[in-house]
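Source file: model11.cif. Holds: mmCIF, C-alpha atoms.
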data_data
loop_
_atom_site.label_atom_id
_atom_site.label_comp_id
_atom_site.auth_asym_id
_atom_site.auth_seq_id
_atom_site.Cartn_x
_atom_site.Cartn_y
_atom_site.Cartn_z
CA MET A 1 158.69 123.65 94.20
CA LYS A 2 161.41 121.37 95.52
CA ILE A 3 161.58 121.15 99.30
CA HIS A 4 165.09 121.62 100.65
CA LEU A 5 165.84 119.50 103.70
CA LEU A 6 167.94 120.95 106.49
CA HIS A 7 171.13 119.16 105.47
CA LEU A 8 170.94 120.62 101.95
CA ARG A 9 171.29 124.20 103.11
CA GLY A 10 174.84 124.65 101.88
CA SER A 11 176.33 125.76 98.60
CA LYS A 12 173.70 123.82 96.64
CA PHE A 13 170.90 125.86 98.19
CA ALA A 14 172.81 129.13 97.74
CA LYS A 15 173.22 128.45 94.02
CA THR A 16 169.54 127.76 93.43
CA THR A 17 168.07 130.47 95.66
CA LYS A 18 168.16 134.13 94.67
CA PRO A 19 168.01 137.25 96.83
CA GLY A 20 164.42 138.39 97.09
CA ASP A 21 163.04 134.83 97.09
CA LEU A 22 160.36 133.97 99.66
CA ILE A 23 161.23 131.15 102.06
CA GLU A 24 158.33 129.15 103.49
CA ILE A 25 159.24 127.19 106.62
CA LEU A 26 156.91 124.24 107.09
CA ARG A 27 155.58 124.18 110.64
CA GLY A 28 152.31 122.32 110.38
CA THR A 29 149.07 124.17 109.74
CA TYR A 30 150.56 127.63 110.14
CA ASN A 31 153.92 128.16 108.41
CA HIS A 32 156.59 130.77 108.98
CA TRP A 33 157.95 133.01 106.20
CA ALA A 34 161.22 134.86 105.58
CA ILE A 35 162.85 136.80 102.74
CA TYR A 36 166.18 135.50 101.40
CA ILE A 37 168.87 138.19 101.17
CA GLY A 38 171.83 136.05 100.04
CA GLU A 39 174.77 134.34 101.76
CA ASN A 40 172.34 131.91 103.44
CA GLU A 41 170.77 134.78 105.39
CA VAL A 42 167.17 135.89 105.70
CA VAL A 43 165.14 138.76 107.12
CA HIS A 44 161.95 137.81 108.91
CA LEU A 45 159.31 138.96 111.36
CA CYS A 46 159.43 137.38 114.81
CA VAL A 47 158.27 137.82 118.37
CA PRO A 48 160.92 139.69 120.38
CA GLY A 49 162.96 137.36 122.53
CA ARG A 50 162.47 134.32 120.29
CA PHE A 51 164.32 132.92 117.31
CA HIS A 52 161.11 131.43 115.95
CA LEU A 53 157.79 133.16 115.53
CA LEU A 54 155.94 129.90 116.00
CA PRO A 55 156.82 127.25 118.58
CA LEU A 56 157.03 123.78 117.04
CA THR A 57 154.39 122.50 119.48
CA TRP A 58 151.61 124.59 117.92
CA LYS A 59 149.89 122.25 115.47
CA THR A 60 146.56 123.91 114.65
CA ILE A 61 145.15 127.33 113.82
CA ASP A 62 143.15 127.28 117.08
CA ASP A 63 146.33 126.66 119.08
CA PHE A 64 148.02 129.53 117.30
CA LEU A 65 145.14 131.97 117.75
CA SER A 66 144.90 131.22 121.47
CA ALA A 67 148.64 131.80 121.88
CA ALA A 68 148.95 134.88 119.65
CA CYS A 69 148.33 137.50 122.34
CA PHE A 70 151.10 139.82 121.16
CA ASP A 71 150.46 142.96 119.11
CA PHE A 72 153.95 143.81 117.89
CA THR A 73 156.93 141.98 116.46
CA GLU A 74 160.55 142.66 115.57
CA VAL A 75 162.23 142.50 112.16
CA ARG A 76 165.38 140.35 112.38
CA ARG A 77 168.27 139.31 110.20
CA ALA A 78 169.51 135.77 110.80
CA LYS A 79 171.12 132.72 109.29
CA LEU A 80 168.56 130.54 107.56
CA SER A 81 169.59 127.59 109.73
CA GLU A 82 168.71 129.54 112.89
CA VAL A 83 165.24 130.33 111.63
CA VAL A 84 164.49 126.91 110.12
CA GLY A 85 165.66 124.83 113.08
CA TYR A 86 164.67 121.20 112.51
CA ASP A 87 161.84 121.99 110.13
CA ARG A 88 161.71 121.68 106.36
CA PHE A 89 161.48 124.65 104.07
CA LYS A 90 161.06 125.59 100.42
CA VAL A 91 161.40 128.54 98.09
CA ASN A 92 157.82 129.62 97.44
CA ASN A 93 157.35 132.78 95.40
CA LEU A 94 153.65 132.10 95.63
CA LEU A 95 152.31 135.24 93.95
CA ASP A 96 154.66 135.46 90.94
CA ASP A 97 151.80 134.35 88.70
CA LYS A 98 149.65 137.20 90.03
CA TYR A 99 152.03 140.15 90.54
CA GLU A 100 155.32 141.34 89.06
CA PRO A 101 158.07 140.94 91.69
CA ARG A 102 160.02 144.06 92.62
CA ASP A 103 163.70 144.38 91.73
CA PRO A 104 165.73 141.98 93.97
CA ASP A 105 168.22 144.70 94.93
CA ILE A 106 165.38 146.93 96.13
CA ILE A 107 163.75 144.04 98.02
CA VAL A 108 166.99 143.28 99.87
CA LYS A 109 167.73 146.96 100.51
CA ASP A 110 164.26 147.57 101.97
CA ALA A 111 164.41 144.37 104.04
CA LEU A 112 167.78 145.31 105.55
CA ALA A 113 166.57 148.84 106.27
CA MET A 114 163.80 147.40 108.44
CA VAL A 115 166.03 145.17 110.57
CA GLY A 116 165.62 146.04 114.25
CA MET A 117 162.26 147.75 113.79
CA GLU A 118 159.25 146.88 115.92
CA LEU A 119 156.10 146.62 113.81
CA PRO A 120 152.40 146.25 114.63
CA TYR A 121 151.40 142.60 114.46
CA SER A 122 148.16 140.75 113.82
CA VAL A 123 148.00 137.05 113.03
CA THR A 124 145.25 137.78 110.55
CA SER A 125 146.42 140.93 108.79
CA ARG A 126 150.01 141.79 109.72
CA ASN A 127 151.73 138.41 109.98
CA CYS A 128 155.05 137.05 108.70
CA GLU A 129 153.57 136.17 105.30
CA HIS A 130 152.12 139.65 104.84
CA PHE A 131 155.58 141.02 105.70
CA VAL A 132 157.47 139.10 103.01
CA THR A 133 154.83 139.42 100.28
CA ASN A 134 154.78 143.15 100.84
CA LEU A 135 158.55 143.24 100.36
CA ARG A 136 158.52 141.13 97.19
CA TYR A 137 155.33 142.38 95.52
CA ASP A 138 154.43 145.59 97.37
CA ARG A 139 151.23 143.69 98.25
CA PRO A 140 150.71 142.37 101.79
CA GLU A 141 148.79 139.12 101.30
CA SER A 142 148.44 135.86 103.20
CA ARG A 143 146.85 132.66 101.91
CA GLN A 144 147.15 130.68 105.12
CA PHE A 145 143.64 131.37 106.35
CA ALA A 146 141.95 130.63 103.03
CA GLU A 147 142.46 126.91 103.64
CA THR A 148 140.47 126.93 106.90
CA THR A 149 137.78 129.47 105.99
CA LYS A 150 134.92 128.49 103.68
CA PRO A 151 132.77 130.66 101.40
CA GLY A 152 129.64 131.65 103.26
CA ASP A 153 131.37 131.79 106.64
CA LEU A 154 130.70 134.78 108.87
CA ILE A 155 133.78 136.80 109.82
CA GLU A 156 133.67 138.69 113.12
CA ILE A 157 136.29 141.43 113.34
CA LEU A 158 137.09 142.23 116.95
CA ARG A 159 137.01 145.99 117.48
CA GLY A 160 136.31 146.38 121.15
CA THR A 161 132.76 146.90 122.36
CA TYR A 162 131.18 146.92 118.90
CA ASN A 163 132.54 144.41 116.38
CA HIS A 164 132.37 144.52 112.60
CA TRP A 165 131.04 141.62 110.50
CA ALA A 166 131.65 140.43 106.94
CA ILE A 167 130.76 137.42 104.79
CA TYR A 168 133.63 135.38 103.36
CA ILE A 169 133.32 134.76 99.61
CA GLY A 170 136.62 132.95 98.95
CA GLU A 171 140.09 133.94 97.70
CA ASN A 172 140.68 135.98 100.88
CA GLU A 173 137.82 138.32 99.97
CA VAL A 174 134.73 139.40 101.87
CA VAL A 175 131.53 141.35 101.30
CA HIS A 176 130.48 143.69 104.08
CA LEU A 177 128.26 146.66 104.95
CA CYS A 178 130.14 149.93 105.28
CA VAL A 179 129.18 153.52 106.03
CA PRO A 180 129.98 155.55 102.87
CA GLY A 181 133.10 157.69 103.11
CA GLN A 182 134.74 155.42 105.65
CA ASP A 183 137.94 153.48 104.94
CA SER A 184 137.41 149.72 104.71
CA ASN A 185 139.31 149.00 107.91
CA SER A 186 137.29 151.46 109.98
CA CYS A 187 133.80 150.27 108.99
CA VAL A 188 131.64 150.48 110.92
CA SER A 189 132.67 152.53 113.98
CA VAL A 190 130.07 153.05 116.67
CA LEU A 191 130.11 156.83 116.30
CA ALA A 192 129.73 156.69 112.53
CA GLY A 193 127.02 154.05 112.85
CA LEU A 194 124.99 156.06 115.35
CA THR A 195 124.62 158.97 112.93
CA ALA A 196 124.38 157.09 109.62
CA ASP A 197 121.09 156.13 108.00
CA LYS A 198 122.57 154.54 104.87
CA ALA A 199 125.45 152.14 104.22
CA GLU A 200 127.15 150.71 101.16
CA VAL A 201 127.77 147.04 100.36
CA ARG A 202 131.44 146.57 99.49
CA ARG A 203 133.72 143.80 98.29
CA ALA A 204 137.27 143.89 99.66
CA LYS A 205 140.29 141.86 100.66
CA LEU A 206 139.94 140.44 104.15
CA SER A 207 143.23 142.07 105.17
CA GLU A 208 141.92 145.50 104.11
CA VAL A 209 138.82 145.16 106.26
CA VAL A 210 140.57 143.64 109.27
CA GLY A 211 143.38 146.22 109.40
CA TYR A 212 145.27 145.94 112.69
CA ASP A 213 142.43 144.12 114.44
CA ARG A 214 141.89 140.42 115.05
CA PHE A 215 139.10 138.33 113.57
CA LYS A 216 137.55 134.90 113.84
CA VAL A 217 135.14 132.75 111.89
CA ASN A 218 131.92 132.92 113.90
CA ASN A 219 128.91 131.19 112.39
CA LEU A 220 127.10 132.14 115.53
CA LEU A 221 123.60 130.96 114.62
CA ASP A 222 124.41 127.55 113.12
CA ASP A 223 122.99 125.89 116.24
CA LYS A 224 119.73 127.80 115.76
CA TYR A 225 119.16 127.93 111.99
CA GLU A 226 120.15 125.86 108.98
CA PRO A 227 122.70 127.83 106.89
CA ARG A 228 121.78 128.49 103.27
CA ASP A 229 123.78 126.89 100.45
CA PRO A 230 127.26 128.55 100.29
CA ASP A 231 127.01 129.11 96.53
CA ILE A 232 123.73 130.98 97.01
CA ILE A 233 125.16 133.02 99.89
CA VAL A 234 128.12 134.12 97.79
CA LYS A 235 125.98 134.78 94.72
CA ASP A 236 123.55 136.94 96.70
CA ALA A 237 126.38 138.78 98.45
CA LEU A 238 128.11 139.61 95.16
CA ALA A 239 124.83 140.74 93.62
CA MET A 240 124.51 143.36 96.37
CA VAL A 241 127.99 144.87 95.96
CA GLY A 242 127.71 148.58 95.25
CA MET A 243 124.17 148.86 96.60
CA GLU A 244 123.25 151.56 99.11
CA LEU A 245 121.03 150.15 101.86
CA PRO A 246 119.11 151.64 104.76
CA TYR A 247 121.25 151.52 107.90
CA SER A 248 120.52 151.49 111.60
CA VAL A 249 123.00 150.52 114.28
CA THR A 250 120.20 148.78 116.19
CA SER A 251 118.20 147.09 113.43
CA ARG A 252 120.07 147.14 110.11
CA ASN A 253 123.74 146.89 111.00
CA CYS A 254 126.64 144.88 109.57
CA GLU A 255 125.74 141.83 111.70
CA HIS A 256 122.12 141.87 110.52
CA PHE A 257 123.46 142.05 106.97
CA VAL A 258 125.63 138.92 107.18
CA THR A 259 123.23 136.82 109.25
CA ASN A 260 120.50 137.56 106.73
CA LEU A 261 122.79 136.32 103.95
CA ARG A 262 123.78 133.12 105.78
CA TYR A 263 120.51 132.21 107.50
CA ASP A 264 117.86 134.37 105.79
CA ARG A 265 117.35 135.77 109.30
CA PRO A 266 118.64 139.29 110.09
CA GLU A 267 119.74 139.03 113.73
CA SER A 268 122.31 140.82 115.86
CA ARG A 269 123.49 139.76 119.29
CA GLN A 270 125.49 142.90 119.99
CA VAL A 271 122.60 145.38 119.78
CA GLY A 272 121.88 144.90 123.49
CA ILE A 273 125.25 146.38 124.45
CA LEU A 274 124.49 149.78 122.92
#
Would you kindly transcribe this structure into structure tokens?
Amino acid sequence: MKIHLLHLRGSKFAKTTKPGDLIEILRGTYNHWAIYIGENEVVHLCVPGRFHLLPLTWKTIDDFLSAACFDFTEVRRAKLSEVVGYDRFKVNNLLDDKYEPRDPDIIVKDALAMVGMELPYSVTSRNCEHFVTNLRYDRPESRQFAETTKPGDLIEILRGTYNHWAIYIGENEVVHLCVPGQDSNSCVSVLAGLTADKAEVRRAKLSEVVGYDRFKVNNLLDDKYEPRDPDIIVKDALAMVGMELPYSVTSRNCEHFVTNLRYDRPESRQVGIL
């Protein structure tokens, strides 16, 4: 896609950009996204009290994660120039080869209807890219973390006292251990885990498992054990999808499951808190 520099955002841009297009604003490692609604205006998700979701000084994912302490954002309508600032941007309908875009009139209508709303926010599962892809494709997806997360990595999902774990297999997908009958984004709750004696191995989108929570890559035993080959980790994880396994919150939990896949050592550091 052609990148439009700031000074090109006049009639030339308006003629080549259509309502419903996704606008990617290039801000280093973590980019901002908006939906074009016509007349050089966009609708986007941003932190209340700021024009820009991401300060220009944040250059890395780690910087962003340490600063992203907010849990809600506001839907705003603005001129494209106000949102872009001094950055570059491009039209990037990144999932058109995967999904059929919704009707542009419906996209714009739904975007405008949300202006002024406060929405739950998570940098990992409810960010600005999820917002615009959901409007265009009715599918909230984000590819920004795929570039920094490698197959075989352990994903720790932060759910308070007892965290959930999954193994990353690529393409924003994970394999994880889940109590049957539970929704993906509630596996595994402490209460459900205390009473369950079996769990199911599932494959799912990372966003589905994370839900409204935060997550981090946490290969917590790399300083203790040599990780297995990533291709073998992913192959073994996929081979287990659909299996029903014995489950115990203290000895066969979701953390044991992923550490066994990565290190061939089933260990859990959170058992002591129970």
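Of note, atom CA of A:Asn219 and atom CA of A:Ile167 are spaced 10.0 Å apart.
Of the residues under consideration (A:Asp236, A:Asp105, A:Asp231, A:Glu173), A:Asp105 shows the shortest atom-to-atom contact distance to A:Leu135 when counting all atoms listed in the file.
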>> What does the structure give for the distance between atom CA of A:Gln270 and atom CA of A:Phe215, in Å to one decimal?
In response: 15.7 Å
>> On this structure, the PyMOL selection byres ((chain A and resi 150) around 12) would catch which residues? List them as a PyMOL selection string, sorted by chain and number.
In response: chain A and resi 145-149+151-155+167-174+217-219+229-231+233-234
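Closest to A:Asn253 among A:Leu177, A:Met117, A:Val210, A:Leu221 is A:Leu177, based on all atoms listed in the file.
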Could you tell me which residues the PyMOL selection byres ((chain A and resi 158) around 9) returns for this structure, as a short mmCIF file (atom, residue, chain, number, x, y, z; two decimals) with C-alpha atoms, in the coordinates of the input?
data_model
loop_
_atom_site.label_atom_id
_atom_site.label_comp_id
_atom_site.auth_asym_id
_atom_site.auth_seq_id
_atom_site.Cartn_x
_atom_site.Cartn_y
_atom_site.Cartn_z
CA GLU A 156 133.67 138.69 113.12
CA ILE A 157 136.29 141.43 113.34
CA ARG A 159 137.01 145.99 117.48
CA GLY A 160 136.31 146.38 121.15
CA THR A 161 132.76 146.90 122.36
CA TYR A 162 131.18 146.92 118.90
CA ASN A 163 132.54 144.41 116.38
CA HIS A 164 132.37 144.52 112.60
CA TRP A 165 131.04 141.62 110.50
CA VAL A 210 140.57 143.64 109.27
CA ASP A 213 142.43 144.12 114.44
CA ARG A 214 141.89 140.42 115.05
CA PHE A 215 139.10 138.33 113.57
CA LYS A 216 137.55 134.90 113.84
#
> Applied to this file, what does the PyMOL selection byres ((chain A and resi 36-38) around 10) return in terms of residues, put as a PyMOL selection string?
Replying inline: chain A and resi 14-15+17-23+33-35+39-44+77-80+91+104-105+107-109+111-112+132
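Going from atom CA of A:Glu226 over to atom CA of A:Cys254, you cover 20.1 Å.
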> From the set A:Arg102, A:Arg252, A:His32, A:Arg143, which residue has the shortest atom-to-atom contact distance to A:Ala199, counting only C-alpha atoms?
Replying inline: A:Arg252
>> I'd like the contact shell of A:Pro246 - 12 Å cut-off, all atoms listed in the file, skipping same-chain residues fewer than 3 positions apart - returned as a PyMOL selection string.
In response: chain A and resi 177-180+193+196-201+243+249-254+256-257
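Taking all atoms listed in the file into account, A:Val258 lies nearest to A:Ala166 out of the set A:Phe131, A:Asp222, A:Ala166, A:Glu141.
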> From the list A:Ile106, A:Ile25, A:Ile232, A:Ala239, which residue is nearest A:Arg203 when using all atoms listed in the file?
Replying inline: A:Ala239
>> Quick one: residues within 6 Å of A:Thr73, all atoms listed in the file, excluding same-chain residues fewer than 5 positions away - as a ChimeraX atom specification?
In response: /A:46-47,118-119,121
